[in-house]
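Below is the file final_13.txt, which contains compact mmCIF, C-alpha atoms and all ligand atoms.
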# COMPACT_ATOMS: atom_id res chain seq x y z
CA MET A 258 -26.74 -22.17 -9.71
CA THR A 259 -23.34 -23.82 -9.93
CA SER A 260 -21.84 -25.38 -6.82
CA SER A 261 -19.22 -23.26 -5.11
CA LEU A 262 -16.60 -25.82 -6.17
CA HIS A 263 -17.24 -24.95 -9.79
CA THR A 264 -17.45 -21.20 -9.38
CA PRO A 265 -14.81 -19.78 -11.70
CA LEU A 266 -11.89 -18.60 -9.67
CA VAL A 267 -9.76 -15.47 -10.01
CA LEU A 268 -6.02 -15.84 -10.33
CA ALA A 269 -4.28 -12.60 -9.33
CA ILE A 270 -0.72 -11.39 -9.83
CA GLU A 271 1.15 -8.52 -8.17
CA SER A 272 4.64 -7.46 -9.26
CA SER A 273 4.73 -3.65 -9.22
CA CYS A 274 7.56 -3.05 -6.73
CA ASP A 275 9.60 -5.41 -4.56
CA GLU A 276 7.08 -8.13 -3.70
CA THR A 277 5.99 -10.82 -6.15
CA ALA A 278 2.68 -12.42 -5.22
CA VAL A 279 0.08 -14.79 -6.68
CA ALA A 280 -3.39 -15.41 -5.26
CA VAL A 281 -6.18 -17.83 -6.04
CA PHE A 282 -9.46 -16.25 -5.03
CA ARG A 283 -13.16 -16.95 -4.99
CA ALA A 284 -15.33 -13.83 -5.27
CA PRO A 285 -16.35 -11.89 -3.35
CA ASP A 286 -13.90 -12.30 -0.49
CA ARG A 287 -12.28 -15.76 -0.11
CA VAL A 288 -8.55 -16.16 -0.53
CA LEU A 289 -7.99 -19.86 -1.29
CA GLY A 290 -4.27 -19.65 -1.91
CA HIS A 291 -1.63 -16.93 -1.57
CA ALA A 292 2.10 -17.16 -2.23
CA LEU A 293 4.48 -14.24 -1.86
CA ALA A 294 8.20 -13.70 -2.43
CA SER A 295 9.69 -10.61 -0.85
CA GLN A 296 12.76 -9.05 -2.44
CA VAL A 297 13.55 -6.88 0.57
CA GLU A 298 16.74 -8.82 1.39
CA THR A 299 17.95 -8.58 -2.22
CA HIS A 300 17.58 -4.80 -2.34
CA ARG A 301 18.78 -4.09 1.20
CA ARG A 302 22.46 -4.00 0.28
CA PHE A 303 21.69 -1.29 -2.32
CA GLY A 304 19.74 0.83 0.20
CA GLY A 305 16.63 0.83 -2.00
CA VAL A 306 14.83 -1.00 -4.79
CA VAL A 307 16.95 -1.46 -7.93
CA PRO A 308 14.40 -1.62 -10.78
CA GLU A 309 16.32 -3.99 -13.10
CA VAL A 310 17.05 -6.39 -10.26
CA ALA A 311 13.38 -6.28 -9.22
CA SER A 312 12.20 -7.18 -12.74
CA ARG A 313 14.53 -10.17 -12.91
CA ARG A 314 13.48 -11.43 -9.50
CA HIS A 315 9.78 -11.15 -10.44
CA LEU A 316 10.48 -13.20 -13.54
CA GLU A 317 12.21 -15.92 -11.51
CA SER A 318 9.54 -15.97 -8.80
CA LEU A 319 6.29 -16.15 -10.76
CA ASP A 320 6.38 -19.83 -11.85
CA PRO A 321 7.02 -21.27 -8.37
CA LEU A 322 4.56 -18.85 -6.72
CA LEU A 323 1.83 -19.79 -9.19
CA GLU A 324 2.40 -23.45 -8.44
CA GLU A 325 2.35 -22.81 -4.68
CA ALA A 326 -0.84 -20.73 -4.76
CA LEU A 327 -2.68 -23.32 -6.88
CA GLN A 328 -1.51 -26.08 -4.57
CA GLN A 329 -2.69 -24.23 -1.45
CA ALA A 330 -6.08 -23.68 -3.10
CA GLY A 331 -6.26 -27.33 -4.18
CA VAL A 332 -7.12 -26.38 -7.76
CA THR A 333 -5.50 -26.43 -11.19
CA LEU A 334 -5.21 -23.79 -13.89
CA ALA A 335 -8.27 -25.33 -15.57
CA ASP A 336 -10.40 -24.04 -12.64
CA ILE A 337 -9.36 -20.42 -13.23
CA GLY A 338 -12.06 -18.22 -14.76
CA THR A 339 -10.38 -14.79 -14.70
CA VAL A 340 -6.81 -13.51 -14.54
CA ALA A 341 -6.32 -10.20 -12.68
CA VAL A 342 -3.03 -8.33 -12.63
CA THR A 343 -1.58 -5.02 -11.46
CA ARG A 344 -1.05 -2.83 -14.54
CA GLY A 345 0.31 0.21 -12.62
CA PRO A 346 1.31 2.44 -11.03
CA GLY A 347 4.73 1.02 -10.19
CA LEU A 348 8.18 0.28 -11.54
CA ILE A 349 7.51 -0.11 -15.24
CA GLY A 350 9.79 -3.13 -15.81
CA ALA A 351 8.37 -4.90 -12.77
CA VAL A 352 4.76 -4.23 -13.82
CA LEU A 353 5.54 -5.44 -17.36
CA VAL A 354 6.81 -8.79 -16.09
CA GLY A 355 3.57 -9.55 -14.22
CA LEU A 356 1.37 -8.12 -16.96
CA SER A 357 3.04 -10.19 -19.71
CA TYR A 358 2.80 -13.31 -17.54
CA ALA A 359 -0.90 -12.64 -16.86
CA LYS A 360 -1.64 -12.02 -20.53
CA ALA A 361 0.01 -15.30 -21.50
CA LEU A 362 -2.04 -17.16 -18.87
CA ALA A 363 -5.33 -15.49 -19.85
CA TRP A 364 -4.69 -16.17 -23.54
CA GLY A 365 -3.60 -19.75 -22.92
CA LEU A 366 -6.59 -20.50 -20.69
CA GLY A 367 -9.03 -18.59 -22.88
CA VAL A 368 -10.31 -16.52 -19.93
CA PRO A 369 -10.80 -12.77 -19.41
CA LEU A 370 -7.96 -10.51 -18.30
CA VAL A 371 -8.51 -7.69 -15.80
CA GLY A 372 -5.96 -4.89 -15.37
CA VAL A 373 -6.01 -3.56 -11.83
CA ASN A 374 -4.83 -0.22 -10.47
CA HIS A 375 -2.42 -0.97 -7.60
CA LEU A 376 -3.84 1.84 -5.44
CA GLU A 377 -7.43 0.72 -5.97
CA ALA A 378 -6.27 -2.78 -5.05
CA HIS A 379 -4.80 -1.48 -1.77
CA VAL A 380 -8.22 -0.02 -0.92
CA ALA A 381 -10.08 -3.18 -2.01
CA ALA A 382 -8.00 -5.10 0.58
CA ALA A 383 -10.27 -3.53 3.21
CA PHE A 384 -13.13 -5.74 1.99
CA LEU A 385 -11.09 -8.84 2.76
CA HIS A 386 -10.81 -7.61 6.33
CA GLN A 387 -14.36 -6.18 6.65
CA PRO A 388 -16.64 -7.72 3.99
CA GLU A 389 -19.59 -5.70 5.31
CA LEU A 390 -17.83 -2.36 4.79
CA GLU A 391 -20.34 0.16 3.45
CA PHE A 392 -19.96 2.90 0.87
CA PRO A 393 -19.25 5.76 0.93
CA PHE A 394 -16.06 5.82 2.97
CA LEU A 395 -12.84 7.77 3.23
CA ALA A 396 -9.70 5.89 2.19
CA MET A 397 -6.12 6.83 2.96
CA VAL A 398 -3.41 5.07 0.93
CA VAL A 399 -0.03 5.50 2.60
CA SER A 400 2.84 3.61 1.03
CA GLY A 401 6.40 4.02 -0.20
CA GLY A 402 5.20 5.67 -3.40
CA HIS A 403 1.83 7.20 -2.52
CA THR A 404 0.08 9.27 0.11
CA SER A 405 -3.49 10.09 -0.88
CA LEU A 406 -6.98 10.51 0.50
CA TYR A 407 -10.02 9.41 -1.50
CA ARG A 408 -13.76 9.50 -1.19
CA VAL A 409 -14.87 6.01 -2.25
CA GLU A 410 -18.42 5.40 -3.45
CA GLU A 411 -20.54 2.43 -4.52
CA GLY A 412 -18.79 0.28 -7.13
CA LEU A 413 -15.31 1.42 -5.96
CA VAL A 414 -15.68 4.85 -7.59
CA PHE A 415 -12.88 7.11 -6.38
CA THR A 416 -12.61 10.87 -5.98
CA GLU A 417 -9.19 12.09 -4.92
CA LEU A 418 -9.41 14.61 -2.08
CA GLY A 419 -5.69 15.21 -1.63
CA CYS A 420 -2.25 13.74 -2.16
CA THR A 421 1.40 14.43 -1.45
CA ILE A 422 2.99 17.28 -3.36
CA ASP A 423 6.50 15.83 -2.90
CA ASP A 424 7.60 12.73 -0.95
CA ALA A 425 5.22 9.93 0.06
CA ALA A 426 4.94 9.18 3.79
CA GLY A 427 6.80 5.86 3.41
CA GLU A 428 9.48 7.57 1.35
CA ALA A 429 9.87 10.20 4.10
CA LEU A 430 10.31 7.44 6.68
CA ASP A 431 12.71 5.48 4.45
CA LYS A 432 14.82 8.57 3.66
CA GLY A 433 14.80 9.67 7.31
CA ALA A 434 15.94 6.19 8.34
CA LYS A 435 18.77 6.37 5.81
CA LEU A 436 19.93 9.67 7.35
CA LEU A 437 19.89 7.89 10.71
CA GLY A 438 22.04 5.08 9.30
CA LEU A 439 19.26 2.49 9.55
CA PRO A 440 18.83 -0.34 7.02
CA TYR A 441 16.30 -0.35 4.18
CA PRO A 442 13.31 -0.35 4.33
CA GLY A 443 13.47 2.28 7.05
CA GLY A 444 9.75 2.51 7.94
CA PRO A 445 9.66 -0.64 10.07
CA GLU A 446 13.05 0.26 11.64
CA ILE A 447 11.81 3.69 12.72
CA ASP A 448 8.58 2.09 13.99
CA ARG A 449 10.63 -0.31 16.12
CA LEU A 450 13.04 2.29 17.58
CA ALA A 451 10.25 4.81 18.17
CA ARG A 452 8.50 2.44 20.59
CA THR A 453 11.09 3.22 23.23
CA GLY A 454 11.76 6.83 22.23
CA ASN A 455 10.31 10.16 23.39
CA ARG A 456 8.14 11.52 20.56
CA ASP A 457 8.20 15.02 22.07
CA ALA A 458 12.01 15.20 22.26
CA ILE A 459 12.45 17.22 19.05
CA PRO A 460 9.73 19.50 17.64
CA PHE A 461 10.07 18.54 13.95
CA PRO A 462 7.96 20.70 11.61
CA ARG A 463 4.54 19.71 10.26
CA ALA A 464 3.47 21.00 6.85
CA TRP A 465 -0.18 21.96 7.38
CA LEU A 466 -0.38 23.68 3.97
CA LYS A 467 -3.02 26.15 5.18
CA LYS A 468 -5.58 23.45 5.98
CA ARG A 469 -5.34 21.89 2.52
CA ILE A 470 -5.83 18.13 2.52
CA ASP A 471 -2.57 17.65 0.59
CA PHE A 472 0.66 16.45 2.17
CA SER A 473 4.29 17.57 2.03
CA PHE A 474 7.17 15.74 3.71
CA SER A 475 10.29 17.04 1.98
CA GLY A 476 10.77 19.90 4.48
CA LEU A 477 10.64 17.41 7.34
CA LYS A 478 13.43 15.37 5.79
CA THR A 479 15.53 18.55 5.47
CA ALA A 480 14.78 19.42 9.10
CA LEU A 481 16.10 16.01 10.15
CA ARG A 482 19.24 16.46 8.06
CA VAL A 483 19.90 19.88 9.62
CA HIS A 484 19.19 18.53 13.11
CA LEU A 485 21.68 15.68 12.58
CA GLU A 486 24.33 18.09 11.30
CA ASN A 487 24.05 20.01 14.58
CA HIS A 488 23.33 17.06 16.87
CA PRO A 489 24.66 13.78 15.42
CA ALA A 490 22.64 10.79 16.60
CA THR A 491 24.14 8.76 19.45
CA PRO A 492 22.92 5.46 20.89
CA ASP A 493 21.32 7.59 23.64
CA THR A 494 19.41 9.90 21.29
CA LEU A 495 18.63 7.64 18.31
CA ASN A 496 15.27 6.37 19.62
CA ASP A 497 14.11 9.87 20.59
CA ILE A 498 14.98 11.22 17.14
CA ALA A 499 13.21 8.29 15.45
CA ALA A 500 10.12 8.74 17.64
CA SER A 501 9.99 12.52 17.09
CA TYR A 502 10.49 12.17 13.33
CA GLN A 503 7.84 9.44 13.04
CA GLU A 504 5.44 11.54 15.12
CA ALA A 505 5.77 14.44 12.68
CA VAL A 506 4.77 12.09 9.82
CA VAL A 507 1.88 10.30 11.54
CA ASP A 508 0.51 13.45 13.21
CA VAL A 509 0.04 15.07 9.80
CA LEU A 510 -1.47 11.89 8.34
CA ALA A 511 -3.95 11.47 11.19
CA THR A 512 -4.87 15.16 11.38
CA LYS A 513 -5.51 15.52 7.65
CA ALA A 514 -7.47 12.27 7.51
CA MET A 515 -9.78 13.67 10.19
CA TRP A 516 -10.10 17.01 8.36
CA ALA A 517 -11.12 15.12 5.23
CA ALA A 518 -13.63 12.96 7.14
CA GLU A 519 -15.21 16.07 8.61
CA ARG A 520 -15.25 18.01 5.34
CA GLU A 521 -16.78 15.09 3.43
CA ALA A 522 -19.11 14.08 6.29
CA LEU A 523 -17.75 10.51 6.17
CA THR A 524 -17.85 8.36 9.27
CA THR A 525 -15.61 5.47 8.15
CA LEU A 526 -11.91 5.77 7.37
CA VAL A 527 -10.06 2.89 5.69
CA VAL A 528 -6.27 3.00 5.95
CA VAL A 529 -4.12 0.84 3.66
CA GLY A 530 -0.61 0.67 2.16
CA GLY A 531 2.68 -0.31 3.77
CA VAL A 532 2.77 2.61 6.22
CA ALA A 533 -0.59 1.45 7.63
CA ALA A 534 1.52 -1.22 9.34
CA ASN A 535 2.97 1.51 11.56
CA GLY A 536 2.10 0.98 15.21
CA ARG A 537 1.95 4.65 16.19
CA LEU A 538 -0.15 5.60 13.13
CA ARG A 539 -2.64 2.88 14.03
CA GLU A 540 -2.78 4.07 17.63
CA LEU A 541 -3.13 7.77 16.77
CA LEU A 542 -5.81 7.21 14.10
CA THR A 543 -7.83 5.02 16.43
CA GLU A 544 -7.60 7.69 19.16
CA ARG A 545 -8.48 10.60 16.88
CA GLY A 546 -11.20 8.61 15.12
CA HIS A 547 -12.78 7.82 18.48
CA THR A 548 -12.85 11.51 19.41
CA ALA A 549 -14.19 12.55 16.00
CA GLY A 550 -16.84 9.80 15.78
CA CYS A 551 -15.12 8.22 12.78
CA ARG A 552 -14.74 4.43 12.59
CA VAL A 553 -11.18 3.55 11.58
CA VAL A 554 -10.70 0.33 9.61
CA ILE A 555 -7.09 -0.84 9.24
CA PRO A 556 -6.60 -4.33 7.78
CA PRO A 557 -3.95 -6.62 9.26
CA VAL A 558 -0.37 -5.87 8.21
CA ALA A 559 -0.21 -8.67 5.59
CA LEU A 560 -3.14 -7.06 3.75
CA CYS A 561 -1.68 -3.54 4.07
CA THR A 562 1.68 -4.25 2.45
CA ASP A 563 1.85 -5.36 -1.19
CA ASN A 564 0.06 -8.67 -1.82
CA ALA A 565 -1.97 -10.40 -4.52
CA ALA A 566 -5.14 -10.95 -2.47
CA MET A 567 -5.89 -7.23 -2.80
CA VAL A 568 -5.42 -7.43 -6.60
CA ALA A 569 -7.86 -10.36 -6.63
CA ALA A 570 -10.40 -8.46 -4.51
CA ALA A 571 -10.34 -5.46 -6.86
CA GLY A 572 -10.10 -7.62 -10.01
CA ALA A 573 -13.10 -9.77 -9.04
CA ARG A 574 -15.24 -6.64 -8.61
CA MET A 575 -14.07 -5.27 -11.95
CA ALA A 576 -14.74 -8.58 -13.71
CA ALA A 577 -18.24 -8.70 -12.21
CA ALA A 578 -18.83 -5.21 -13.61
CA GLY A 579 -17.62 -6.33 -17.05
CA ARG A 580 -14.47 -4.23 -16.83
CA THR A 581 -12.18 -6.71 -18.59
CA ALA A 582 -9.24 -5.78 -20.80
CA GLY A 583 -7.82 -6.81 -24.17
CA LEU A 584 -4.41 -8.39 -24.67
CA ASP A 585 -3.17 -4.96 -25.82
CA LEU A 586 -3.49 -3.64 -22.24
CA ASP A 587 -0.44 -1.51 -21.46
CA ALA A 588 1.63 -1.21 -18.29
CA ARG A 589 1.71 2.21 -16.62
CA ALA A 590 4.40 3.62 -14.35
CA ARG A 591 1.90 6.33 -13.42
CA LEU A 592 -1.80 5.72 -13.20
CA ALA A 593 -4.35 7.82 -11.35
CA VAL A 594 -7.18 6.06 -9.53
CA GLY A 595 -10.61 6.03 -11.07
CA THR A 596 -9.29 6.22 -14.63
CA GLY A 597 -10.40 2.66 -15.41
CA ALA A 598 -8.22 -0.06 -16.84
O1 LIG A 601 2.59 -0.60 0.14
P1 LIG A 601 4.04 -0.98 0.26
O2 LIG A 601 4.36 -2.37 0.76
O3 LIG A 601 4.78 -0.81 -1.11
C1 LIG A 601 4.53 0.29 -1.94
O4 LIG A 601 5.19 1.33 -1.71
O5 LIG A 601 3.61 0.15 -2.81
O6 LIG A 601 4.73 0.13 1.21
C2 LIG A 601 6.10 0.14 1.50
C3 LIG A 601 6.39 1.28 2.45
C4 LIG A 601 7.86 1.53 2.71
O7 LIG A 601 8.12 2.91 2.62
C5 LIG A 601 8.06 1.02 4.14
O8 LIG A 601 9.10 1.68 4.84
C6 LIG A 601 6.71 1.34 4.75
O9 LIG A 601 5.77 1.01 3.73
N1 LIG A 601 6.44 0.54 5.95
C7 LIG A 601 6.32 1.07 7.19
C8 LIG A 601 6.12 -0.01 8.08
N2 LIG A 601 6.12 -1.17 7.35
C9 LIG A 601 6.30 -0.81 6.04
N3 LIG A 601 6.37 2.34 7.60
C10 LIG A 601 6.21 2.56 8.91
N4 LIG A 601 6.04 1.60 9.83
C11 LIG A 601 5.98 0.30 9.46
N5 LIG A 601 5.79 -0.65 10.38
ZN ZN A 602 1.70 -0.86 -2.61

As structure tokens:
Amino acid sequence: MTSSLHTPLVLAIESSCDETAVAVFRAPDRVLGHALASQVETHRRFGGVVPEVASRRHLESLDPLLEEALQQAGVTLADIGTVAVTRGPGLIGAVLVGLSYAKALAWGLGVPLVGVNHLEAHVAAAFLHQPELEFPFLAMVVSGGHTSLYRVEEGLVFTELGCTIDDAAGEALDKGAKLLGLPYPGGPEIDRLARTGNRDAIPFPRAWLKKRIDFSFSGLKTALRVHLENHPATPDTLNDIAASYQEAVVDVLATKAMWAAEREALTTLVVVGGVAANGRLRELLTERGHTAGCRVVIPPVALCTDNAAMVAAAGARMAAAGRTAGLDLDARARLAVGTGA
């Protein structure tokens, strides 16, 4: 057996949206180095992510982040045994930048390339938080682009149980925040204001979809717009509106997650993605999980929002299972989970 110092390491790259990140990782669960550059400030003045600007920023960030991650890990490129990279879903130009960079590294180093599904990576982040997590479990991915529930079995095999039929939960929060005149990204702003607001002030609608495990948030956004037309927000009402709007989003998320757990007879729920950072969602899920006898696992915020450690965690598992890719691997704006890479 080789000493741990000589165990081939995984270098992982994430560049699918507005965070560029590089990780150096030792399987199964040790992050040795992690460097991240957020583009949030760059995109804020546009009120959302501008794809072309994101691609350029990824390109500028990758070299210094790679250097920083290697330095933190105390290793050189020669120690890298596998290169893992997000190949979708995401902004196609942004994904292409990371994928091309990863291909060049894998080819230059003569090591295998692994193409990782960004959503599967979000779920794999749970193992960095709870290495002893046992299959099967229920996973909820709630981000700016996705809102889905999966049954996850041995070997990270996914079955989708439900997803949003229109806006993602994070998108609903971001769009709601925009209507309230709050800066981008709106999710954390609403979270902050809601802490001192009355969540029962306005009865915003919940789309239960006849007990289906799918989600719909576009009607809620319309309800907010209509409410604001009739009752423009004032400094006195802003926090109540934010709290009531957020409650309508997280109530549906928590309720449907519990329906899915019951239907699938699963007793562990893993919650990941940027919206999993939401304080009220964490509180409500923990409460409801306690009542329903379902253990709720929510990794720390840094592992919930986009990062490269999660890509490494998923990539290392895929590499161990022989799921490596050729240099002809393509980038995908859309990519369902469980379709392989
Ligand atoms: O997973 P993520 O970092 O990027 C992708 O969409 O893949 O998620 C970003 C989303 C945004 O919609 C942002 O508003 C939301 O996560 N978000 C939050 C919070 N922090 C980030 N939503 C609610 N409360 C938060 N604290
Ligand atoms: Zn994400």

Exercise. How would you write, as a PyMOL selection string, the set of residues no farther than 10 Å from ligand LIG 601 (chain A) when counting only C-alpha atoms and all ligand atoms?
Worked result: chain A and resi 273-276+295+305+346-348+375-376+379+398-404+425-432+434+441-449+451+503+506-507+529-539+558-564

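Between ligand ZN 602 (chain A) and the candidates A:Ala565, A:Leu323, A:Gly412, A:Asn487, the tightest atom-to-atom separation, counting all atoms listed in the file, involves A:Ala565.
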
Exercise. Using all atoms listed in the file, which residues sit within 7 Å of A:Ala278 once same-chain residues fewer than 6 positions away are excluded, as a list in words?
Worked result: Ile270, Glu271, Ser272, Ala292, Leu293, Ala294, Leu322, Asn564 and Ala565 of chain A

For this session: Tell me, as a list in words, which residues lie within 9 Å of stretch 569-571 of chain A, counting only C-alpha atoms; anything in the same chain fewer than 5 positions away does not count.
Result: Val267, Leu268, Ala269, Ile270, Ala280, Val281, Phe282, Arg283, Ala284, Pro285, Asp286, Arg287, Val288, Val340, Ala341, Val342, Val373, Asn374, Glu377, Ala378, His379, Val380, Ala381, Ala382, Phe384, Leu385, Leu413 and Ala576 of chain A

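When all atoms listed in the file are used to measure the gap to ligand ZN 602 (chain A), the shortest distance among A:Thr494, A:Met567, A:Pro462, A:Val527 belongs to A:Met567.
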
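Among the candidates A:Thr343, A:Gln296, A:Gln329, A:Thr421, the one nearest to ligand ZN 602 (chain A) when counting only C-alpha atoms and all ligand atoms is A:Thr343.
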